[in-house]
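Asks: One file: run_22.json (JSON, C-alpha atoms).
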```
[["chain", "number", "residue", "atom", "x", "y", "z"],
["S", 1263, "MET", "CA", 41.81, -41.19, -21.33],
["S", 1264, "ALA", "CA", 39.22, -43.89, -20.55],
["S", 1265, "ARG", "CA", 38.16, -46.18, -23.34],
["S", 1266, "PRO", "CA", 34.57, -45.46, -24.46],
["S", 1267, "VAL", "CA", 31.99, -48.03, -23.39],
["S", 1268, "LYS", "CA", 30.81, -50.21, -26.24],
["S", 1269, "GLU", "CA", 27.04, -50.13, -26.65],
["S", 1270, "GLY", "CA", 26.18, -52.37, -29.59],
["S", 1271, "LEU", "CA", 26.97, -55.95, -30.60],
["S", 1272, "ASP", "CA", 29.37, -57.16, -33.30],
["S", 1273, "TYR", "CA", 27.00, -59.97, -34.29],
["S", 1274, "PHE", "CA", 23.70, -61.49, -33.22],
["S", 1275, "PRO", "CA", 22.19, -65.01, -33.39],
["S", 1276, "LEU", "CA", 19.85, -65.88, -36.27],
["S", 1277, "ASP", "CA", 17.65, -68.92, -35.70],
["S", 1278, "VAL", "CA", 18.08, -71.79, -38.17],
["S", 1279, "ASP", "CA", 14.32, -71.76, -38.81],
["S", 1280, "PHE", "CA", 14.28, -68.03, -39.52],
["S", 1281, "ALA", "CA", 13.41, -68.58, -43.20],
["S", 1282, "VAL", "CA", 10.38, -70.73, -42.42],
["S", 1283, "ASN", "CA", 8.91, -69.19, -39.28],
["S", 1284, "ASP", "CA", 5.46, -67.61, -39.46],
["S", 1285, "LYS", "CA", 6.62, -63.98, -39.31],
["S", 1286, "THR", "CA", 9.26, -64.37, -42.03],
["S", 1287, "GLU", "CA", 6.85, -66.21, -44.32],
["S", 1288, "ALA", "CA", 4.22, -63.53, -43.79],
["S", 1289, "ILE", "CA", 6.71, -60.80, -44.73],
["S", 1290, "MET", "CA", 7.87, -62.87, -47.73],
["S", 1291, "GLY", "CA", 4.31, -63.38, -48.91],
["S", 1292, "GLU", "CA", 3.42, -59.70, -48.75],
["S", 1293, "PHE", "CA", 6.66, -57.96, -49.68],
["S", 1294, "GLY", "CA", 8.79, -60.65, -51.35],
["S", 1295, "PRO", "CA", 12.52, -61.34, -50.78],
["S", 1296, "LYS", "CA", 13.32, -57.64, -50.37],
["S", 1297, "GLY", "CA", 11.00, -57.55, -47.36],
["S", 1298, "VAL", "CA", 12.89, -60.39, -45.66],
["S", 1299, "LEU", "CA", 16.24, -58.76, -46.48],
["S", 1300, "PHE", "CA", 14.99, -55.49, -44.99],
["S", 1301, "MET", "CA", 13.93, -57.45, -41.91],
["S", 1302, "ILE", "CA", 17.50, -58.76, -41.45],
["S", 1303, "TYR", "CA", 19.00, -55.30, -42.04],
["S", 1304, "LEU", "CA", 16.59, -53.83, -39.48],
["S", 1305, "LEU", "CA", 17.53, -56.39, -36.81],
["S", 1306, "SER", "CA", 21.21, -55.73, -37.55],
["S", 1307, "ALA", "CA", 20.67, -52.01, -37.02],
["S", 1308, "VAL", "CA", 18.94, -52.68, -33.69],
["S", 1309, "TYR", "CA", 21.77, -54.85, -32.35],
["S", 1310, "GLN", "CA", 24.42, -52.51, -33.76],
["S", 1311, "ASN", "CA", 22.89, -49.77, -31.62],
["S", 1312, "GLY", "CA", 22.48, -52.11, -28.63],
["S", 1313, "TYR", "CA", 19.01, -53.41, -27.86],
["S", 1314, "TYR", "CA", 16.73, -50.74, -29.36],
["S", 1315, "LEU", "CA", 16.51, -48.47, -32.38],
["S", 1316, "GLN", "CA", 14.93, -45.03, -32.51],
["S", 1317, "TRP", "CA", 12.78, -45.23, -35.65],
["S", 1318, "ASN", "CA", 12.90, -41.84, -37.35],
["S", 1319, "LYS", "CA", 13.02, -40.48, -40.87],
["S", 1320, "LEU", "CA", 16.81, -40.69, -41.08],
["S", 1321, "LYS", "CA", 16.89, -44.40, -40.16],
["S", 1322, "GLN", "CA", 14.00, -44.99, -42.52],
["S", 1323, "MET", "CA", 15.93, -43.48, -45.45],
["S", 1324, "GLN", "CA", 19.23, -45.15, -44.52],
["S", 1325, "LEU", "CA", 17.80, -48.66, -44.45],
["S", 1326, "ALA", "CA", 15.62, -48.12, -47.53],
["S", 1327, "ASN", "CA", 18.63, -46.92, -49.55],
["S", 1328, "ARG", "CA", 20.52, -50.14, -48.85],
["S", 1329, "ILE", "CA", 18.02, -52.39, -50.64],
["S", 1330, "GLN", "CA", 17.06, -51.93, -54.27],
["S", 1331, "GLY", "CA", 13.31, -51.61, -54.68],
["S", 1332, "VAL", "CA", 12.61, -50.56, -51.09],
["S", 1333, "SER", "CA", 11.26, -47.03, -50.70],
["S", 1334, "PRO", "CA", 10.99, -45.18, -47.38],
["S", 1335, "GLU", "CA", 7.23, -45.70, -47.50],
["S", 1336, "LEU", "CA", 7.66, -49.46, -48.03],
["S", 1337, "ALA", "CA", 10.14, -49.54, -45.16],
["S", 1338, "ASN", "CA", 7.49, -48.05, -42.88],
["S", 1339, "GLN", "CA", 4.94, -50.62, -44.04],
["S", 1340, "ILE", "CA", 7.30, -53.50, -43.21],
["S", 1341, "VAL", "CA", 8.04, -52.02, -39.78],
["S", 1342, "ASN", "CA", 4.32, -51.67, -39.05],
["S", 1343, "ARG", "CA", 3.76, -55.32, -40.03],
["S", 1344, "LEU", "CA", 6.60, -56.48, -37.76],
["S", 1345, "ILE", "CA", 5.07, -54.53, -34.89],
["S", 1346, "ALA", "CA", 1.68, -56.11, -35.59],
["S", 1347, "TYR", "CA", 3.31, -59.58, -35.66],
["S", 1348, "GLY", "CA", 4.97, -59.00, -32.28],
["S", 1349, "THR", "CA", 8.57, -58.77, -33.48],
["S", 1350, "PHE", "CA", 8.77, -55.35, -31.80],
["S", 1351, "SER", "CA", 6.93, -53.92, -28.79],
["S", 1352, "GLU", "CA", 3.82, -52.06, -29.93],
["S", 1353, "GLU", "CA", 3.59, -50.14, -26.64],
["S", 1354, "LEU", "CA", 7.13, -48.77, -26.86],
["S", 1355, "PHE", "CA", 6.77, -47.89, -30.52],
["S", 1356, "ASN", "CA", 3.54, -45.97, -29.94],
["S", 1357, "SER", "CA", 4.95, -44.11, -26.93],
["S", 1358, "ALA", "CA", 8.56, -43.42, -28.00],
["S", 1359, "LYS", "CA", 8.96, -44.58, -31.65],
["S", 1360, "VAL", "CA", 11.42, -47.21, -30.41],
["S", 1361, "LEU", "CA", 11.93, -50.65, -31.96],
["S", 1362, "THR", "CA", 12.77, -53.31, -29.37],
["S", 1363, "SER", "CA", 11.28, -56.39, -27.73],
["S", 1364, "GLN", "CA", 11.69, -58.61, -24.71],
["S", 1365, "ARG", "CA", 13.51, -61.23, -26.79],
["S", 1366, "ILE", "CA", 15.90, -58.67, -28.29],
["S", 1367, "GLN", "CA", 16.71, -57.38, -24.82],
["S", 1368, "GLU", "CA", 17.26, -60.91, -23.49],
["S", 1369, "THR", "CA", 19.65, -61.61, -26.39],
["S", 1370, "TYR", "CA", 21.51, -58.36, -25.70],
["S", 1371, "GLU", "CA", 21.71, -59.06, -21.96],
["S", 1372, "ASP", "CA", 23.11, -62.54, -22.57],
["S", 1373, "ALA", "CA", 25.69, -61.24, -25.08],
["S", 1374, "THR", "CA", 26.92, -58.47, -22.77],
["S", 1375, "LYS", "CA", 26.87, -60.27, -19.42],
["S", 1376, "ARG", "CA", 30.68, -60.21, -19.23],
["S", 1377, "ARG", "CA", 30.91, -56.47, -19.79],
["S", 1378, "LYS", "CA", 31.76, -54.35, -16.79],
["S", 1379, "SER", "CA", 28.83, -52.00, -17.12],
["S", 1380, "GLN", "CA", 25.54, -51.41, -15.37],
["S", 1381, "LYS", "CA", 22.43, -53.15, -16.57],
["S", 1382, "PRO", "CA", 20.62, -50.88, -19.05],
["S", 1383, "THR", "CA", 17.35, -49.28, -18.01],
["S", 1384, "LYS", "CA", 16.38, -47.03, -20.93],
["S", 1385, "TYR", "CA", 13.39, -48.49, -22.81],
["S", 1386, "TRP", "CA", 13.90, -51.71, -20.85],
["S", 1387, "ILE", "CA", 10.92, -54.05, -20.58],
["S", 1388, "ASN", "CA", 10.59, -55.30, -16.98],
["S", 1389, "VAL", "CA", 8.74, -58.60, -16.77],
["S", 1390, "ASP", "CA", 6.84, -59.57, -13.63],
["S", 1391, "ILE", "CA", 6.66, -63.38, -13.72],
["S", 1392, "ASN", "CA", 4.10, -63.67, -10.90],
["S", 1393, "LYS", "CA", 1.55, -61.37, -12.52],
["S", 1394, "ASP", "CA", 2.32, -62.33, -16.12],
["S", 1395, "THR", "CA", 2.50, -58.66, -17.05],
["S", 1396, "SER", "CA", 5.20, -56.51, -18.55],
["S", 1397, "VAL", "CA", 6.04, -52.96, -17.64],
["S", 1398, "VAL", "CA", 7.92, -50.71, -20.02],
["S", 1399, "ASN", "CA", 10.58, -48.51, -18.50],
["S", 1400, "VAL", "CA", 11.15, -45.41, -20.61],
["S", 1401, "ASP", "CA", 13.25, -43.58, -18.01],
["S", 1402, "ILE", "CA", 17.03, -43.51, -18.27],
["S", 1403, "ASN", "CA", 17.55, -43.74, -14.48],
["S", 1404, "PRO", "CA", 14.35, -44.11, -12.41],
["S", 1405, "GLN", "CA", 14.80, -42.40, -9.05],
["S", 1406, "SER", "CA", 12.80, -41.07, -6.14],
["S", 1407, "LYS", "CA", 11.41, -37.54, -6.21],
["S", 1408, "VAL", "CA", 14.26, -36.41, -3.96],
["S", 1409, "ASN", "CA", 16.90, -37.85, -6.27],
["S", 1410, "LYS", "CA", 15.15, -36.37, -9.31],
["S", 1411, "SER", "CA", 15.26, -32.87, -7.82],
["S", 1412, "LYS", "CA", 18.97, -33.30, -7.11],
["S", 1413, "SER", "CA", 19.54, -34.55, -10.64],
["S", 1414, "ASN", "CA", 17.71, -31.59, -12.17],
["S", 1415, "LYS", "CA", 19.75, -29.21, -10.04],
["S", 1416, "SER", "CA", 23.02, -30.77, -11.14],
["S", 1417, "LYS", "CA", 21.97, -30.70, -14.79],
["S", 1418, "SER", "CA", 21.30, -26.97, -14.59],
["S", 1419, "ASN", "CA", 24.90, -26.46, -13.50],
["S", 1420, "LYS", "CA", 26.33, -28.36, -16.46],
["S", 1421, "SER", "CA", 27.61, -26.67, -19.58],
["S", 1422, "LYS", "CA", 25.44, -26.11, -22.63],
["S", 1423, "VAL", "CA", 26.76, -29.22, -24.36],
["S", 1424, "ASN", "CA", 26.50, -32.62, -22.74],
["S", 1425, "ASN", "CA", 27.73, -36.11, -23.55],
["S", 1426, "TYR", "CA", 24.64, -37.79, -22.11],
["S", 1427, "ASP", "CA", 21.41, -38.37, -24.03],
["S", 1428, "ASP", "CA", 19.47, -35.15, -24.44],
["S", 1429, "ASP", "CA", 15.70, -34.81, -24.47],
["S", 1430, "ALA", "CA", 15.41, -36.23, -27.99],
["S", 1431, "GLY", "CA", 17.52, -39.29, -27.12],
["S", 1432, "VAL", "CA", 20.33, -38.37, -29.53],
["S", 1433, "THR", "CA", 23.97, -38.82, -28.52],
["S", 1434, "ARG", "CA", 27.26, -37.67, -30.00],
["S", 1435, "GLU", "CA", 27.95, -41.24, -31.08],
["S", 1436, "GLN", "CA", 24.64, -41.36, -32.96],
["S", 1437, "VAL", "CA", 25.52, -38.13, -34.79],
["S", 1438, "ILE", "CA", 28.73, -39.76, -36.03],
["S", 1439, "ASN", "CA", 26.82, -42.91, -36.96],
["S", 1440, "ASP", "CA", 24.27, -40.88, -38.95],
["S", 1441, "TRP", "CA", 27.08, -39.18, -40.86],
["S", 1442, "THR", "CA", 28.82, -42.52, -41.45],
["S", 1443, "ASN", "CA", 25.66, -44.20, -42.74],
["S", 1444, "LEU", "CA", 25.13, -41.45, -45.30],
["S", 1445, "TRP", "CA", 28.66, -40.56, -46.44],
["S", 1446, "GLY", "CA", 31.16, -42.84, -44.70],
["S", 1447, "PHE", "CA", 33.18, -42.26, -41.57],
["S", 1448, "PRO", "CA", 34.09, -38.54, -41.23],
["S", 1449, "ASN", "CA", 37.68, -37.86, -42.27],
["S", 1450, "GLY", "CA", 40.30, -35.76, -40.51],
["S", 1451, "ILE", "CA", 38.76, -32.56, -41.85],
["S", 1452, "ALA", "CA", 35.12, -33.31, -41.15],
["S", 1453, "ARG", "CA", 35.47, -34.85, -37.68],
["S", 1454, "PRO", "CA", 37.00, -31.78, -35.95],
["S", 1455, "GLU", "CA", 34.25, -29.60, -37.42],
["S", 1456, "ILE", "CA", 31.56, -31.98, -36.23],
["S", 1457, "ASP", "CA", 33.10, -31.88, -32.74],
["S", 1458, "GLU", "CA", 33.04, -28.07, -32.85],
["S", 1459, "TRP", "CA", 29.36, -28.09, -33.85],
["S", 1460, "LEU", "CA", 28.58, -30.42, -30.97],
["S", 1461, "GLU", "CA", 30.26, -27.98, -28.59],
["S", 1462, "GLU", "CA", 27.82, -25.25, -29.70],
["S", 1463, "PHE", "CA", 24.64, -27.21, -30.40],
["S", 1464, "LYS", "CA", 22.84, -30.18, -28.90],
["S", 1465, "PRO", "CA", 23.38, -33.49, -30.71],
["S", 1466, "GLU", "CA", 19.73, -33.53, -31.84],
["S", 1467, "VAL", "CA", 20.23, -30.25, -33.73],
["S", 1468, "ILE", "CA", 23.36, -31.46, -35.57],
["S", 1469, "ALA", "CA", 21.63, -34.78, -36.31],
["S", 1470, "TYR", "CA", 18.79, -32.80, -37.90],
["S", 1471, "ALA", "CA", 21.25, -30.82, -40.04],
["S", 1472, "ILE", "CA", 22.62, -34.15, -41.31],
["S", 1473, "LEU", "CA", 19.06, -35.32, -41.94],
["S", 1474, "VAL", "CA", 18.32, -32.21, -44.02],
["S", 1475, "ALA", "CA", 21.40, -32.86, -46.14],
["S", 1476, "GLY", "CA", 20.33, -36.47, -46.59],
["S", 1477, "GLU", "CA", 16.84, -35.44, -47.66],
["S", 1478, "HIS", "CA", 18.37, -33.17, -50.31],
["S", 1479, "GLN", "CA", 20.47, -36.14, -51.54],
["S", 1480, "ILE", "CA", 23.79, -34.37, -51.00],
["S", 1481, "GLY", "CA", 26.77, -36.48, -52.03],
["S", 1482, "SER", "CA", 29.87, -37.22, -50.00],
["S", 1483, "ASN", "CA", 31.93, -34.69, -51.95],
["S", 1484, "ALA", "CA", 29.71, -31.80, -50.86],
["S", 1485, "CYS", "CA", 28.27, -32.98, -47.54],
["S", 1486, "LEU", "CA", 30.72, -31.11, -45.29],
["S", 1487, "LYS", "CA", 30.22, -27.80, -47.10],
["S", 1488, "TYR", "CA", 26.44, -28.26, -47.09],
["S", 1489, "VAL", "CA", 26.07, -29.12, -43.41],
["S", 1490, "ARG", "CA", 28.57, -26.39, -42.54],
["S", 1491, "ALA", "CA", 26.38, -23.87, -44.37],
["S", 1492, "ILE", "CA", 23.28, -25.05, -42.51],
["S", 1493, "VAL", "CA", 24.97, -24.84, -39.11],
["S", 1494, "ALA", "CA", 26.48, -21.43, -39.89],
["S", 1495, "GLY", "CA", 23.05, -20.11, -40.88],
["S", 1496, "TRP", "CA", 21.48, -21.39, -37.67],
["S", 1497, "LYS", "CA", 24.29, -19.91, -35.59],
["S", 1498, "LYS", "CA", 23.89, -16.55, -37.32],
["S", 1499, "ARG", "CA", 20.16, -16.54, -36.48],
["S", 1500, "ASN", "CA", 20.72, -17.73, -32.89],
["S", 1501, "ILE", "CA", 18.91, -21.01, -33.49],
["S", 1502, "THR", "CA", 19.63, -23.42, -30.65],
["S", 1503, "THR", "CA", 16.73, -25.89, -30.41],
["S", 1504, "LEU", "CA", 15.43, -28.64, -32.67],
["S", 1505, "GLU", "CA", 12.06, -26.92, -33.04],
["S", 1506, "GLN", "CA", 13.73, -23.69, -34.19],
["S", 1507, "ALA", "CA", 15.92, -25.63, -36.63],
["S", 1508, "LYS", "CA", 12.91, -27.41, -38.15],
["S", 1509, "LYS", "CA", 11.09, -24.12, -38.58],
["S", 1510, "ALA", "CA", 14.14, -22.50, -40.19],
["S", 1511, "ALA", "CA", 14.56, -25.42, -42.61],
["S", 1512, "ALA", "CA", 10.88, -25.27, -43.59],
["S", 1513, "ASN", "CA", 11.09, -21.50, -44.14],
["S", 1514, "HIS", "CA", 14.21, -21.99, -46.29],
["S", 1515, "ASP", "CA", 12.51, -24.59, -48.46],
["S", 1516, "ASP", "CA", 9.43, -22.37, -48.88],
["S", 1517, "ARG", "CA", 11.61, -19.43, -49.82],
["S", 1518, "MET", "CA", 13.52, -21.46, -52.40],
["S", 1519, "LYS", "CA", 10.26, -22.71, -53.93],
["S", 1520, "SER", "CA", 8.83, -19.20, -54.18],
["S", 1521, "GLU", "CA", 12.01, -17.92, -55.83],
["S", 1522, "ARG", "CA", 11.84, -20.69, -58.43],
["S", 1523, "LYS", "CA", 8.13, -20.18, -59.11],
["S", 1524, "PRO", "CA", 7.59, -18.03, -62.25],
["S", 1525, "SER", "CA", 5.41, -14.97, -61.64],
["S", 1526, "GLY", "CA", 4.27, -14.84, -65.27],
["S", 1527, "TYR", "CA", 5.42, -15.51, -68.79],
["S", 1528, "SER", "CA", 7.97, -13.24, -70.33],
["S", 1529, "LYS", "CA", 10.24, -13.83, -73.24],
["S", 1530, "PRO", "CA", 13.67, -14.74, -71.93],
["S", 1531, "ARG", "CA", 16.35, -12.19, -72.63],
["S", 1532, "ARG", "CA", 19.65, -13.21, -73.99],
["S", 1533, "LYS", "CA", 22.47, -12.52, -71.58],
["S", 1534, "GLU", "CA", 25.93, -11.82, -72.88],
["S", 1535, "VAL", "CA", 28.47, -13.85, -70.96],
["S", 1536, "THR", "CA", 32.11, -12.87, -70.96],
["S", 1537, "PRO", "CA", 34.38, -15.94, -71.18],
["S", 1538, "LYS", "CA", 36.48, -16.65, -68.10],
["S", 1539, "TRP", "CA", 39.73, -16.42, -70.03],
["S", 1540, "MET", "CA", 38.87, -12.86, -71.10],
["S", 1541, "GLN", "CA", 37.95, -11.87, -67.53],
["S", 1542, "ASN", "CA", 41.31, -13.12, -66.26],
["S", 1543, "GLY", "CA", 43.27, -11.24, -68.95],
["S", 1544, "THR", "CA", 44.80, -14.42, -70.40],
["S", 1545, "SER", "CA", 44.68, -15.98, -73.80],
["S", 1546, "GLN", "CA", 42.19, -18.72, -74.53],
["S", 1547, "ALA", "CA", 45.02, -21.22, -75.10],
["S", 1548, "ASP", "CA", 46.63, -20.50, -71.72],
["S", 1549, "TYR", "CA", 43.40, -20.52, -69.73],
["S", 1550, "LYS", "CA", 42.79, -23.53, -67.47],
["S", 1551, "PRO", "CA", 39.25, -23.78, -66.11],
["S", 1552, "SER", "CA", 38.85, -24.53, -62.43],
["S", 1553, "SER", "CA", 37.09, -27.65, -61.25],
["S", 1554, "GLY", "CA", 33.52, -27.69, -59.94],
["S", 1555, "ASN", "CA", 34.77, -28.30, -56.40],
["S", 1556, "ASP", "CA", 36.96, -25.17, -56.56],
["S", 1557, "GLN", "CA", 33.98, -23.11, -57.68],
["S", 1558, "GLN", "CA", 31.93, -24.46, -54.78],
["S", 1559, "ASP", "CA", 34.69, -23.64, -52.30],
["S", 1560, "ASP", "CA", 34.66, -20.02, -53.45],
["S", 1561, "MET", "CA", 30.95, -19.64, -52.65],
["S", 1562, "SER", "CA", 29.56, -18.26, -49.44],
["S", 1563, "ASP", "CA", 27.53, -20.60, -47.26],
["S", 1564, "GLU", "CA", 24.18, -19.16, -48.35],
["S", 1565, "ALA", "CA", 25.18, -19.17, -52.01],
["S", 1566, "PHE", "CA", 26.31, -22.77, -51.72],
["S", 1567, "LEU", "CA", 22.98, -23.86, -50.25],
["S", 1568, "ALA", "CA", 21.12, -22.11, -53.06],
["S", 1569, "PHE", "CA", 23.44, -23.67, -55.65],
["S", 1570, "MET", "CA", 22.99, -27.21, -54.31],
["S", 1571, "ASN", "CA", 19.21, -26.81, -54.08],
["S", 1572, "SER", "CA", 19.10, -25.61, -57.68],
["S", 1573, "GLN", "CA", 21.16, -28.62, -58.73],
["S", 1574, "GLU", "CA", 18.70, -30.87, -56.96],
["S", 1575, "GLU", "CA", 15.75, -29.26, -58.78],
["S", 1576, "ALA", "CA", 17.48, -29.80, -62.10],
["S", 1577, "LYS", "CA", 17.71, -33.58, -61.57]]
```
Show this structure as C-alpha cells.
Replies:
Amino acid sequence: MARPVKEGLDYFPLDVDFAVNDKTEAIMGEFGPKGVLFMIYLLSAVYQNGYYLQWNKLKQMQLANRIQGVSPELANQIVNRLIAYGTFSEELFNSAKVLTSQRIQETYEDATKRRKSQKPTKYWINVDINKDTSVVNVDINPQSKVNKSKSNKSKSNKSKVNNYDDDAGVTREQVINDWTNLWGFPNGIARPEIDEWLEEFKPEVIAYAILVAGEHQIGSNACLKYVRAIVAGWKKRNITTLEQAKKAAANHDDRMKSERKPSGYSKPRRKEVTPKWMQNGTSQADYKPSSGNDQQDDMSDEAFLAFMNSQEEAK
C-alpha cells in the first residue's frame, strides 16, 4: 500500500520582526493580544493544510474555541482585517472563501521543493512578471476542452464515493481533521464507522454532519452516537447531497423548537414515577443504577438526537 502524500507543513517560518510589523501592530491595536494570537493560530492552520485554508463556519468555530475571549464573530472580524491589510488574497476569498497569498504559496513551494510531487495548481496565484499582474487559478487541473470532456466522461464511470476533492473542496483527510479538531483523533471504534459513512456519502456531507454536532456543542463522549444518528436519519430519508442535508438539519431544528414551544398555559400535572428498582423486581438495597452512557446507548438514534438537543436547551 502506497504511503499517502503529505500535504501540509510541520512548521513554518515566523519573521523576527513579526511583533512590530505594521499588520501585527494594527491587529494588536484593534483587538489586543488575543487578536495577534489568533493571527498566529490562523497562519498555523493554513500551513498545516498546505498553502490555503477553506474559511467556513467549522474552521471559524475551531479557531475561536482555542483562544479565550475570541468569539466566532470576532474571528471573522480579524480575518476581514487581515484580508484588507493584504495578508490574504482578497480576490480568492471573495470568489472561493479561501485564505492564501502569494507569499504563503512561495513559502510552501520552498518548503516542499524536495518532495516528489507535482506542483500544486488549486487556488494557485500565477504571477506574470512582465505585466506586473497576478492571475488566480481556481481550477484543480486546467486542461483543454478536449481533455475536460474526457475527464468528465471518466468521472461519470467512477463509483459514488471518490478520494479526490469533490465539488465543495472537501476531502476524506479533511473530514478526519474536522473530527480531530473537535473531539480528538477518532479511536478504533469511530474510525471504521467514519470510513463506512464516507463509502456511502460524499465527504462534504459527512463534514456537515460533524459541523452540526459541533454547533450543538456535543462532547467527545457522545459525538460518535450523535453523528451516527444524523447519518442514519439522512440515509433513511435518502439524503445524498449537501443541500439536502442542510435542509433536513434546518427542518429538524425547526421541529424541535416547535415541540418545545408551549401552546398555552396549563397547570402542570403531577406524574407518578415508578422507581427503577421496583420495575426490575429487585429490592432497593440490591438495585444498582446504570450510568448515563448506558442509558444513551439504549436509545434509538432519533431518541438520542432529541435527548441531546433537550440537554443543550437546558444549559
Asks: Which neighbours of Asp1372 (chain S) fall inside 12 Å, counting only C-alpha atoms, when residues of the same chain fewer than 2 positions from it are skipped, and could you give them as JSON, numbers by chain?
Replies: {"S": [1271, 1274, 1275, 1313, 1365, 1366, 1367, 1368, 1369, 1370, 1374, 1375, 1376, 1377, 1381]}
Asks: CA of Trp1496 (chain S) and CA of Gln1324 (chain S) are how many Å apart?
Replies: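 Pair CA of Trp1496 (chain S) / CA of Gln1324 (chain S) returns 24.8 Å.
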Asks: Just want the 9 Å neighbourhood of Gln1364 (chain S), counted on all atoms listed in the file, with same-chain residues fewer than 5 positions away dropped. Output as a PDB file with C-alpha atoms, keeping the file's coordinate frame.
Replies:
```
ATOM      1  CA  PHE S1350       8.770 -55.350 -31.800  1.00  0.00           C
ATOM      2  CA  SER S1351       6.930 -53.920 -28.790  1.00  0.00           C
ATOM      3  CA  THR S1369      19.650 -61.610 -26.390  1.00  0.00           C
ATOM      4  CA  TRP S1386      13.900 -51.710 -20.850  1.00  0.00           C
ATOM      5  CA  ILE S1387      10.920 -54.050 -20.580  1.00  0.00           C
ATOM      6  CA  ASN S1388      10.590 -55.300 -16.980  1.00  0.00           C
ATOM      7  CA  VAL S1389       8.740 -58.600 -16.770  1.00  0.00           C
TER       8      VAL S1389
END
```
Asks: Go ahead and compute the interatomic distance for CA of Ala1512 (chain S) and CA of Met1323 (chain S), in Å to one decimal.
Replies: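 Between CA of Ala1512 (chain S) and CA of Met1323 (chain S) the gap works out to 19.0 Å.
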Asks: Nearest to Ile1302 (chain S): which of S:Arg1490, S:Lys1509, S:Lys1384, S:Arg1328 is it, counting all atoms listed in the file?
Replies: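 Of S:Arg1490, S:Lys1509, S:Lys1384, S:Arg1328, the one nearest Ile1302 (chain S), counting all atoms listed in the file, is S:Arg1328.
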Asks: Report the distance between CA of Asn1311 (chain S) and CA of Thr1383 (chain S) in Å, rounded to one decimal place.
Replies: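 So the answer is 14.7 Å.
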Asks: For a quick check of understanding, using only C-alpha atoms, which of S:Gly1291, S:Gly1495, S:Gly1312, S:Gly1297 has the smallest distance to Ala1337 (chain S)?
Replies: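 Ranking S:Gly1291, S:Gly1495, S:Gly1312, S:Gly1297 by distance to Ala1337 (chain S), first place goes to S:Gly1297.
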Asks: List the neighbours of Ile1472 (chain S) out to 8 Å using all atoms listed in the file; skip same-chain residues closer than 2 positions along the sequence, and give me the result as a ChimeraX atom specification.
Replies: /S:1440-1441,1468-1470,1474-1476,1489
Asks: Leaving out Gln1436 (chain S) and any residue of its chain fewer than 2 positions from it, which residues lie within 12 Å of it when counting only C-alpha atoms, given as a compact mmCIF listing (two decimals) with C-alpha atoms, in the coordinates of the input?
Replies:
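Just written: out-v7.txt:
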```txt
# COMPACT_ATOMS: atom_id res chain seq x y z
CA GLU S 1269 27.04 -50.13 -26.65
CA GLY S 1270 26.18 -52.37 -29.59
CA GLN S 1310 24.42 -52.51 -33.76
CA ASN S 1311 22.89 -49.77 -31.62
CA GLY S 1312 22.48 -52.11 -28.63
CA LEU S 1315 16.51 -48.47 -32.38
CA GLN S 1316 14.93 -45.03 -32.51
CA LEU S 1320 16.81 -40.69 -41.08
CA LYS S 1321 16.89 -44.40 -40.16
CA ASN S 1425 27.73 -36.11 -23.55
CA TYR S 1426 24.64 -37.79 -22.11
CA ASP S 1427 21.41 -38.37 -24.03
CA ASP S 1428 19.47 -35.15 -24.44
CA ALA S 1430 15.41 -36.23 -27.99
CA GLY S 1431 17.52 -39.29 -27.12
CA VAL S 1432 20.33 -38.37 -29.53
CA THR S 1433 23.97 -38.82 -28.52
CA ARG S 1434 27.26 -37.67 -30.00
CA ILE S 1438 28.73 -39.76 -36.03
CA ASN S 1439 26.82 -42.91 -36.96
CA ASP S 1440 24.27 -40.88 -38.95
CA TRP S 1441 27.08 -39.18 -40.86
CA THR S 1442 28.82 -42.52 -41.45
CA ASN S 1443 25.66 -44.20 -42.74
CA LEU S 1460 28.58 -30.42 -30.97
CA PRO S 1465 23.38 -33.49 -30.71
CA GLU S 1466 19.73 -33.53 -31.84
CA VAL S 1467 20.23 -30.25 -33.73
CA ILE S 1468 23.36 -31.46 -35.57
CA ALA S 1469 21.63 -34.78 -36.31
CA TYR S 1470 18.79 -32.80 -37.90
CA ILE S 1472 22.62 -34.15 -41.31
```
Asks: Excluding same-chain residues fewer than 3 positions from region 1278-1281 of chain S, what lies within 12 Å of it counting all atoms listed in the file, as a list in words?
Replies: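 With the cut-off at 12 Å, the set is Pro1275, Asp1284, Lys1285, Thr1286, Glu1287, Ala1288, Ile1289, Met1290, Gly1291, Pro1295, Val1298, Leu1299, Met1301 and Ile1302 of chain S.
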Asks: Given all atoms listed in the file as the basis, pick out the residue of S:Asn1327, S:Thr1503, S:Val1282, S:Ala1511 nearest to Lys1464 (chain S).
Replies: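 When distances to Lys1464 (chain S) are compared using all atoms listed in the file, the smallest one comes from S:Thr1503.
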Asks: Which residue is closest to Ile1340 (chain S)? Choose from S:Lys1296, S:Phe1447, S:Gln1380, S:Thr1362 and count all atoms listed in the file.
Replies: S:Lys1296
Asks: For a quick check of understanding, using all atoms listed in the file, which of S:Glu1462, S:Glu1455, S:Glu1335, S:Glu1353 has the smallest distance to Lys1497 (chain S)?
Replies: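 Closest candidate: S:Glu1462.
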